[in-house]
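J.: Structure supplied as model.txt; contents: compact mmCIF, C-alpha atoms.
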# COMPACT_ATOMS: atom_id res chain seq x y z
CA MET A 365 45.05 73.76 110.60
CA TRP A 366 43.72 76.74 108.73
CA SER A 367 40.87 77.14 111.17
CA LEU A 368 43.38 78.59 113.63
CA LEU A 369 43.61 81.65 111.42
CA ARG A 370 40.10 82.59 112.52
CA THR A 371 41.34 83.20 116.07
CA THR A 372 42.31 86.71 117.15
CA ARG A 373 45.73 85.57 118.37
CA TRP A 374 46.72 83.99 115.07
CA GLN A 375 45.31 86.87 113.06
CA GLY A 376 47.52 89.28 115.02
CA PHE A 377 50.55 87.01 114.64
CA THR A 378 49.91 86.68 110.90
CA VAL A 379 49.67 90.46 110.45
CA LEU A 380 52.96 90.87 112.35
CA VAL A 381 54.71 88.31 110.12
CA LEU A 382 53.32 89.92 106.95
CA VAL A 383 54.58 93.35 108.07
CA ALA A 384 58.02 91.85 108.77
CA ILE A 385 58.13 90.14 105.35
CA VAL A 386 57.16 93.36 103.56
CA GLY A 387 59.77 95.28 105.55
CA PHE A 388 62.48 92.75 104.75
CA GLY A 389 61.48 92.86 101.08
CA LEU A 390 61.72 96.66 100.98
CA LEU A 391 65.14 96.59 102.64
CA SER A 392 66.34 93.98 100.17
CA SER A 393 65.07 96.07 97.25
CA TRP A 394 66.86 99.13 98.64
CA GLN A 395 70.16 97.26 98.86
CA TRP A 396 69.78 96.01 95.28
CA SER A 397 69.15 99.62 94.22
CA ARG A 398 72.29 100.78 96.04
CA ALA A 399 74.38 98.17 94.22
CA GLU A 400 72.95 99.29 90.88
CA GLU A 401 73.59 102.96 91.69
CA GLU A 402 77.24 102.21 92.49
CA ARG A 403 77.59 100.26 89.24
CA GLN A 404 76.13 103.17 87.31
CA ALA A 405 78.43 105.61 89.13
CA ARG A 406 81.45 103.61 88.04
CA ASN A 407 80.26 103.54 84.43
CA ALA A 408 79.69 107.28 84.60
CA GLN A 409 83.24 107.82 85.82
CA ILE A 410 84.62 105.79 82.93
CA ALA A 411 82.53 107.77 80.43
CA GLN A 412 83.36 111.08 82.08
CA ILE A 413 87.06 110.99 81.31
CA GLU A 414 86.27 110.43 77.64
CA THR A 415 83.81 113.31 77.36
CA THR A 416 84.57 115.94 80.02
CA ARG A 417 88.16 116.91 80.69
CA LEU A 418 89.03 119.95 82.77
CA GLY A 419 92.18 122.01 82.68
CA LEU A 420 94.23 122.01 85.85
CA VAL A 421 93.23 125.51 86.96
CA GLU A 422 89.57 124.79 86.23
CA ALA A 423 89.68 121.47 88.05
CA LEU A 424 91.34 123.03 91.09
CA ALA A 425 88.66 125.73 91.15
CA THR A 426 85.93 123.09 91.44
CA LEU A 427 87.55 121.58 94.53
CA GLY A 428 87.45 124.57 96.86
CA ASP A 429 88.48 123.55 100.36
CA ASP A 430 86.63 120.24 100.23
CA VAL A 431 89.21 117.62 99.25
CA THR A 432 88.16 114.17 100.43
CA ASP A 433 88.80 110.56 99.46
CA GLU A 434 85.82 110.81 97.09
CA THR A 435 87.30 113.75 95.17
CA ARG A 436 88.06 112.72 91.59
CA ARG A 437 88.04 115.04 88.57
CA PRO A 438 88.79 114.19 84.91
CA ILE A 439 91.71 116.32 83.80
CA GLU A 440 93.85 117.21 80.80
CA VAL A 441 97.16 118.90 81.56
CA PHE A 442 100.20 120.02 79.53
CA GLY A 443 103.72 120.39 80.86
CA VAL A 444 107.30 119.17 81.10
CA TYR A 445 108.42 116.46 83.50
CA GLU A 446 111.24 116.90 86.01
CA PRO A 447 112.82 113.42 85.72
CA GLU A 448 115.49 114.00 88.39
CA ALA A 449 112.79 114.28 91.07
CA THR A 450 111.06 110.98 90.20
CA VAL A 451 110.19 108.78 93.20
CA LEU A 452 108.88 105.24 93.56
CA VAL A 453 105.96 104.68 95.92
CA ARG A 454 106.42 101.27 97.55
CA GLN A 455 104.01 98.42 98.30
CA ARG A 456 101.44 99.08 95.61
CA PRO A 457 100.02 95.68 94.60
CA LEU A 458 98.18 95.25 91.32
CA ASP A 459 96.56 92.06 90.01
CA GLY A 460 98.15 90.02 92.78
CA ARG A 461 101.70 91.30 92.21
CA ASN A 462 103.64 93.73 94.36
CA GLY A 463 105.05 96.80 92.70
CA PHE A 464 105.62 100.54 92.68
CA TRP A 465 103.87 103.68 91.58
CA VAL A 466 106.14 105.93 89.55
CA ALA A 467 105.60 109.60 90.48
CA THR A 468 107.25 112.57 88.77
CA PRO A 469 106.63 116.31 89.20
CA LEU A 470 105.31 118.17 86.17
CA ARG A 471 106.05 121.79 85.28
CA VAL A 472 102.63 122.81 84.01
CA SER A 473 102.33 125.20 81.06
CA ASP A 474 99.23 127.07 82.25
CA GLY A 475 98.93 126.40 85.96
CA PRO A 476 100.71 125.41 89.16
CA ASP A 477 103.24 122.60 89.12
CA ILE A 478 101.87 119.25 90.22
CA TRP A 479 102.93 115.68 90.88
CA VAL A 480 101.86 112.99 88.43
CA ASN A 481 101.39 109.32 89.25
CA ARG A 482 102.62 108.08 85.88
CA GLY A 483 101.71 104.43 86.43
CA TRP A 484 102.78 101.09 87.88
CA ILE A 485 105.80 98.81 87.53
CA PRO A 486 106.28 95.37 89.13
CA ALA A 487 108.75 94.72 91.92
CA THR A 488 111.34 92.29 90.59
CA GLY A 489 114.15 92.37 93.17
CA ALA A 490 114.74 92.40 96.89
CA ALA A 491 112.81 94.86 99.04
CA THR A 492 116.05 96.65 99.96
CA ALA A 493 117.28 96.97 96.36
CA THR A 494 117.48 100.31 94.58
CA VAL A 495 115.13 100.33 91.58
CA VAL A 496 115.68 102.50 88.51
CA PRO A 497 112.29 103.79 87.28
CA PRO A 498 111.47 104.21 83.58
CA PRO A 499 112.35 107.76 82.51
CA PRO A 500 109.47 110.08 81.56
CA PRO A 501 109.09 111.46 78.04
CA ARG A 502 111.22 114.53 77.35
CA GLY A 503 109.78 117.83 76.27
CA GLN A 504 106.14 118.83 76.26
CA VAL A 505 103.67 116.11 77.26
CA ARG A 506 99.90 115.94 77.22
CA ILE A 507 98.35 113.94 80.05
CA PHE A 508 94.82 112.63 80.42
CA GLY A 509 93.85 111.39 83.86
CA TRP A 510 92.25 112.07 87.19
CA LEU A 511 92.88 114.75 89.76
CA VAL A 512 92.89 112.82 93.06
CA PRO A 513 93.59 113.70 96.72
CA SER A 514 97.10 113.46 98.10
CA GLU A 515 97.83 110.57 100.39
CA VAL A 516 98.78 111.24 104.01
CA THR A 517 102.00 109.97 105.58
CA ARG A 518 101.00 107.61 108.39
CA GLU A 519 104.45 107.08 109.84
CA VAL A 520 107.96 108.27 109.11
CA ILE A 521 110.17 105.56 107.54
CA THR A 522 113.83 106.46 107.24
CA ASP A 523 115.51 103.26 106.03
CA LEU A 524 114.05 103.06 102.51
CA PRO A 525 116.26 102.65 99.44
CA ALA A 526 117.19 105.81 97.59
CA GLY A 527 114.39 107.35 95.55
CA GLN A 528 111.60 105.42 97.30
CA VAL A 529 108.77 106.58 99.57
CA ARG A 530 105.90 104.81 101.26
CA TRP A 531 103.12 107.30 100.50
CA LEU A 532 102.41 109.71 97.69
CA ASP A 533 102.06 112.63 100.08
CA THR A 534 102.46 115.84 98.06
CA ARG A 535 103.18 117.84 101.21
CA GLU A 536 106.27 115.71 101.80
CA LEU A 537 107.30 115.36 98.15
CA ASP A 538 106.70 118.85 96.81
CA SER A 539 109.97 120.68 96.23
CA PHE A 540 108.73 123.48 93.97
CA GLY A 541 109.24 126.15 96.60
CA SER A 542 105.55 127.00 96.69
CA GLN A 543 102.50 125.87 98.62
CA PRO A 544 102.03 122.17 97.79
CA LEU A 545 98.76 121.16 96.19
CA PRO A 546 96.57 118.72 98.17
CA VAL A 547 96.07 116.68 94.98
CA TYR A 548 98.04 114.96 92.25
CA VAL A 549 97.32 113.68 88.74
CA GLU A 550 96.74 109.97 88.19
CA ARG A 551 97.68 109.34 84.57
CA VAL A 552 95.33 107.31 82.39
CA ALA A 553 96.98 108.07 79.03
CA SER A 554 99.49 110.51 77.65
CA ASP A 555 101.07 111.82 74.49
CA PRO A 556 103.81 110.68 74.11
CA ALA A 557 102.76 107.32 75.53
CA GLU A 558 104.68 105.46 78.22
CA PRO A 559 104.68 101.78 77.20
CA ASP A 560 106.94 100.75 80.10
CA LEU A 561 104.30 101.76 82.65
CA LEU A 562 100.89 100.28 83.35
CA ALA A 563 98.21 102.93 83.84
CA LEU A 564 96.27 102.44 87.05
CA PRO A 565 92.72 101.09 86.81
CA LEU A 566 89.78 102.90 88.36
CA PRO A 567 89.22 102.07 92.02
CA GLU A 568 87.02 99.04 92.40
CA ILE A 569 83.47 99.72 93.58
CA ASP A 570 82.55 96.96 96.00
CA GLU A 571 78.99 95.93 95.16
CA THR A 572 79.21 92.62 97.00
CA GLN A 573 78.39 94.14 100.37
CA ASN A 574 75.11 95.62 99.13
CA ILE A 575 74.23 92.42 97.30
CA SER A 576 74.97 90.29 100.37
CA TYR A 577 72.75 92.55 102.47
CA ALA A 578 69.97 92.25 99.88
CA VAL A 579 70.18 88.44 99.98
CA GLN A 580 70.34 88.55 103.77
CA TRP A 581 67.04 90.45 104.00
CA LEU A 582 65.41 87.94 101.66
CA ILE A 583 66.63 85.12 103.91
CA PHE A 584 65.10 86.87 106.90
CA ALA A 585 61.80 87.11 105.02
CA ALA A 586 61.96 83.39 104.22
CA ILE A 587 62.72 82.60 107.88
CA ALA A 588 59.74 84.66 109.01
CA LEU A 589 57.41 82.85 106.61
CA SER A 590 58.83 79.44 107.51
CA GLY A 591 58.52 80.19 111.20
CA TRP A 592 54.90 81.26 110.82
CA PHE A 593 54.04 78.02 108.97
CA PHE A 594 56.02 75.88 111.46
CA PHE A 595 54.24 77.25 114.53
CA LEU A 596 50.87 77.06 112.79
CA ARG A 597 51.36 73.36 111.99
CA ARG A 598 52.69 72.59 115.45
CA GLU A 599 49.74 74.20 117.22
CA ALA A 600 47.27 72.49 114.85
CA ARG A 601 48.93 69.12 115.58
CA GLU A 602 48.83 69.71 119.33
CA ASP A 603 45.14 70.64 119.11
CA ALA A 604 44.44 67.48 117.13
CA GLU A 605 46.29 65.33 119.69
CA ARG A 606 44.35 66.87 122.58
CA THR A 607 41.07 66.28 120.74
CA ALA A 608 41.91 62.64 119.96
CA SER A 609 43.16 61.74 123.47
CA PRO A 610 40.66 60.12 125.96
CA ALA A 611 39.20 62.29 128.68
Produce structure tokens that represent the structure in this file.

T.:
Amino acid sequence: MWSLLRTTRWQGFTVLVLVAIVGFGLLSSWQWSRAEEERQARNAQIAQIETTRLGLVEALATLGDDVTDETRRPIEVFGVYEPEATVLVRQRPLDGRNGFWVATPLRVSDGPDIWVNRGWIPATGAATATVVPPPPPRGQVRIFGWLVPSEVTREVITDLPAGQVRWLDTRELDSFGSQPLPVYVERVASDPAEPDLLALPLPEIDETQNISYAVQWLIFAAIALSGWFFFLRREAREDAERTASPA
């Protein structure tokens, strides 16, 4: 069987298979590296909010005109809530349960007023029921969280219960009489605390896609090697049968 490898045809085929296996291996390694980079990026985000917090004006200055879905800045902001303007953002599942985001505008001490996503509450009644949100702390509050891009209203819904919206779109919610900010604050913690609300977790980074691609390239490499061995054995067997058959 191995004598076939001395032929020019099989040498060329073997080189082609080896190049394919190396290529598949490099692609698999790259996908594993991408998954690790995303894991490290998530860990860096978690550490960032503990070590580097920007004031609102400073955080806004870093955004410029480039506000995208990837925009996320650690922030510390002081102000007073406007509880009468609180809204509930519908259809926000968390850990397999449907619920609401609780959003309240904040009168900021040293910057422009801004909406705050204070956290999550579960949905406990009918979809058409009016829900009373937990009231925000009174007086001056200190909020730690993330400055994130405003959502965009995808369609106008007019039959929602009072005090509820479908999207946290600051352009639709802002009633401060000034140019609405294209961002809002996603609360992680605050002083005073809000025990009736569950702070939102960081967005999940989906590593499974990169890992599945990495495994897929390894499977392709295994198929290439198996195919090379299969065709080599088959041709060697056919040669042996032709040699053993009578003239």

J.: From the options A:Arg398, A:Arg471, A:Arg601, A:Arg437, which residue's atoms come nearest to Arg502 (chain A), counting all atoms listed in the file?

T.: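 Smallest distance to Arg502 (chain A) is found for A:Arg471.
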
J.: Using all atoms listed in the file, what table do you get, as a Markdown table, when you list each residue of region 455-530 of chain A with an atom no more than 9 Å from region 555-561 of chain A, its nearest pair of atoms, and their distance in Å rounded to one decimal, rows by chain then rising number?

T.:
| residue | atom | partner | partner_atom | distance |
| --- | --- | --- | --- | --- |
| A:Val466 | CA | A:Leu561 | CA | 8.3 |
| A:Arg482 | CA | A:Leu561 | CA | 7.3 |
| A:Gly483 | CA | A:Leu561 | CA | 5.3 |
| A:Trp484 | CA | A:Leu561 | CA | 5.5 |
| A:Ile485 | CA | A:Leu561 | CA | 5.9 |
| A:Pro498 | CA | A:Asp560 | CA | 6.7 |
| A:Pro500 | CA | A:Glu558 | CA | 7.4 |
| A:Pro501 | CA | A:Pro556 | CA | 6.6 |
| A:Arg502 | CA | A:Pro556 | CA | 9.0 |
| A:Gln504 | CA | A:Pro556 | CA | 8.7 |
| A:Val505 | CA | A:Asp555 | CA | 5.7 |
| A:Arg506 | CA | A:Asp555 | CA | 5.1 |
| A:Ile507 | CA | A:Asp555 | CA | 6.5 |
| A:Phe508 | CA | A:Asp555 | CA | 8.7 |

J.: Looking at only C-alpha atoms, which of A:Trp531, A:Trp465, A:Tyr548, A:Phe388 is the one that sits closest to Ala585 (chain A)?

T.: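 Looking only at the distances to Ala585 (chain A), the closest residue turns out to be A:Phe388.
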
J.: What is the CA of Thr468 (chain A)-CA of Thr522 (chain A) distance in Å, reported with one decimal?

T.: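 Between CA of Thr468 (chain A) and CA of Thr522 (chain A) the gap is 20.5 Å.
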
J.: List the residues sitting within 9 Å of (111.0, 104.4, 94.9) in the file's frame, using all atoms listed in the file, as an NGL selection string.

T.: :A and (450-454 or 464-467 or 494-497 or 524-530)

J.: Return the single residue from A:Val552, A:Val579, A:Ala563, A:Val480 that is closest to Leu532 (chain A), with distances computed using only C-alpha atoms.

T.: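 Ranked by minimum distance to Leu532 (chain A), first place goes to A:Val480.
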
J.: With distances taken over only C-alpha atoms, which of A:Glu448, A:Glu536, A:Glu422, A:Asp477 is nearest to Val549 (chain A)?

T.: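 Closest to Val549 (chain A), using only C-alpha atoms: A:Asp477.
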